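See below for the structure under consideration.
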Amino acid sequence: MALPDVPGSQIAVPDLDPARPVPDGYVLLDVREDSEWEAGHAPGAVHIPMGELPERIDELPEGDLIVVCRSGGRSARSVMWLNQAGYDSYNLDGGMRAWRAAGLPLAADGGGEPTII
């Protein structure tokens with residue numbers, strides 16, 4: 001698996017290792033709204049909605065960021081902002097829809113059947 005080394009690049013879901021979709025040294029940052037997160041998200045992801053990033057920037061853990069939303073639009077905007085703020089971040093092309101379609105793991109708050117809304 002070869003992820004891009006230029007911050008701001010797209011990461012395609014097929015380039016992720018299904019056994020370990022978030023490689024060592026990377027953090028999956030989910031920028032969707034609370035209701036979307038609660039319905040279904042990647043286990044171990046960090047959740048900070050896009051609109052809250054500026055005031056919650058100190059909550060970001062160490063590591064390069066793989067940023068995800070539902071389909072890739074909000075995450076692309078977040079990546080631009082994060083890179084300007086000095087972070088190394090990458091957009092997950094196709095978002096959580098592509099993640100689910102690839103059969104990668106999902107969890108839901110409350111233990112229900114996870115879904116992507």
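Here's how to read the names in the structure tokens: chain A, B, ... by the order shown, residue numbers from 1 in each chain, ligand numbers from 1 in the order shown.
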Looking only at the backbone, which of the residues in chain A does DSSP tag as strand (DSSP E), as a JSON list (two decimals) with C-alpha atoms, in the first residue's frame?
```
[["chain", "number", "residue", "atom", "x", "y", "z"],
["A", 10, "GLN", "CA", -6.41, 12.37, -2.46],
["A", 11, "ILE", "CA", -6.26, 8.91, -0.91],
["A", 12, "ALA", "CA", -8.35, 6.31, -2.72],
["A", 26, "TYR", "CA", -2.04, 8.36, 10.45],
["A", 27, "VAL", "CA", -5.25, 9.48, 12.14],
["A", 28, "LEU", "CA", -8.69, 9.22, 10.51],
["A", 29, "LEU", "CA", -10.52, 12.52, 11.10],
["A", 30, "ASP", "CA", -14.27, 12.44, 10.46],
["A", 46, "VAL", "CA", -11.58, 11.14, 15.65],
["A", 47, "HIS", "CA", -14.81, 13.13, 15.24],
["A", 64, "ASP", "CA", -0.86, 12.79, 9.49],
["A", 65, "LEU", "CA", -4.59, 13.23, 9.01],
["A", 66, "ILE", "CA", -6.78, 11.26, 6.62],
["A", 67, "VAL", "CA", -9.91, 13.41, 6.50],
["A", 68, "VAL", "CA", -13.29, 11.90, 5.67],
["A", 89, "SER", "CA", -3.68, 16.10, 5.81],
["A", 90, "TYR", "CA", -5.13, 14.09, 2.93],
["A", 91, "ASN", "CA", -8.66, 13.75, 1.58],
["A", 92, "LEU", "CA", -10.28, 10.31, 1.50],
["A", 93, "ASP", "CA", -11.74, 10.22, -2.01]]
```
So that I can see what lies close to A:Gly95, please list as a short mmCIF file (atom, residue, chain, number, x, y, z; two decimals) with N, CA and C atoms, in the first residue's frame the residues with an atom at most 7 Å from it, counting only C-alpha atoms and leaving out residues fewer than 4 positions away in the same chain.
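Result written to out06.cif:
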```cif
data_model
loop_
_atom_site.label_atom_id
_atom_site.label_comp_id
_atom_site.auth_asym_id
_atom_site.auth_seq_id
_atom_site.Cartn_x
_atom_site.Cartn_y
_atom_site.Cartn_z
N VAL A 68 -12.16 12.55 6.33
CA VAL A 68 -13.29 11.90 5.67
C VAL A 68 -14.60 12.61 6.01
N CYS A 69 -15.51 12.63 5.05
CA CYS A 69 -16.88 13.06 5.27
C CYS A 69 -17.76 12.03 4.57
N ARG A 70 -18.96 12.38 4.16
CA ARG A 70 -19.83 11.40 3.52
C ARG A 70 -19.33 11.03 2.13
N SER A 71 -18.99 12.06 1.31
CA SER A 71 -18.61 11.74 -0.07
C SER A 71 -17.31 12.39 -0.53
N GLY A 72 -16.77 13.34 0.23
CA GLY A 72 -15.48 13.92 -0.11
C GLY A 72 -15.43 15.43 -0.24
N TRP A 99 -15.87 4.02 1.74
CA TRP A 99 -15.40 3.18 2.85
C TRP A 99 -16.36 2.01 3.04
#
```
Skipping near chain neighbours, those fewer than 5 positions away, what residues fall within 8 Å of stretch 34-38 of chain A using only C-alpha atoms, listed as a ChimeraX atom specification?
/A:47,49,108-110,116-117
Between atom CA of A:Asp88 and atom CA of A:His41, what is the spacing in Å?
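Between atom CA of A:His41 and atom CA of A:Asp88 the gap is 22.0 Å.
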Spatial neighbours of A:Gly51, 10 Å, only C-alpha atoms, chain gap at least 2 places, as a count of residues only
11
Write out as a ChimeraX atom specification the set of residues from chain A that DSSP, computed on the backbone, places in alpha helix (DSSP H).
/A:34-39,53-56,73-84,95-101
Which is closer to A:Ala107 than all the others in A:Gly44, A:Gly8, A:Gly73, A:Gly94, using only C-alpha atoms?
A:Gly44
Just checking: using only C-alpha atoms, which residue out of A:Pro23, A:Pro4, A:Gly40, A:Pro18 ends up closest to A:Gly112?
A:Gly40
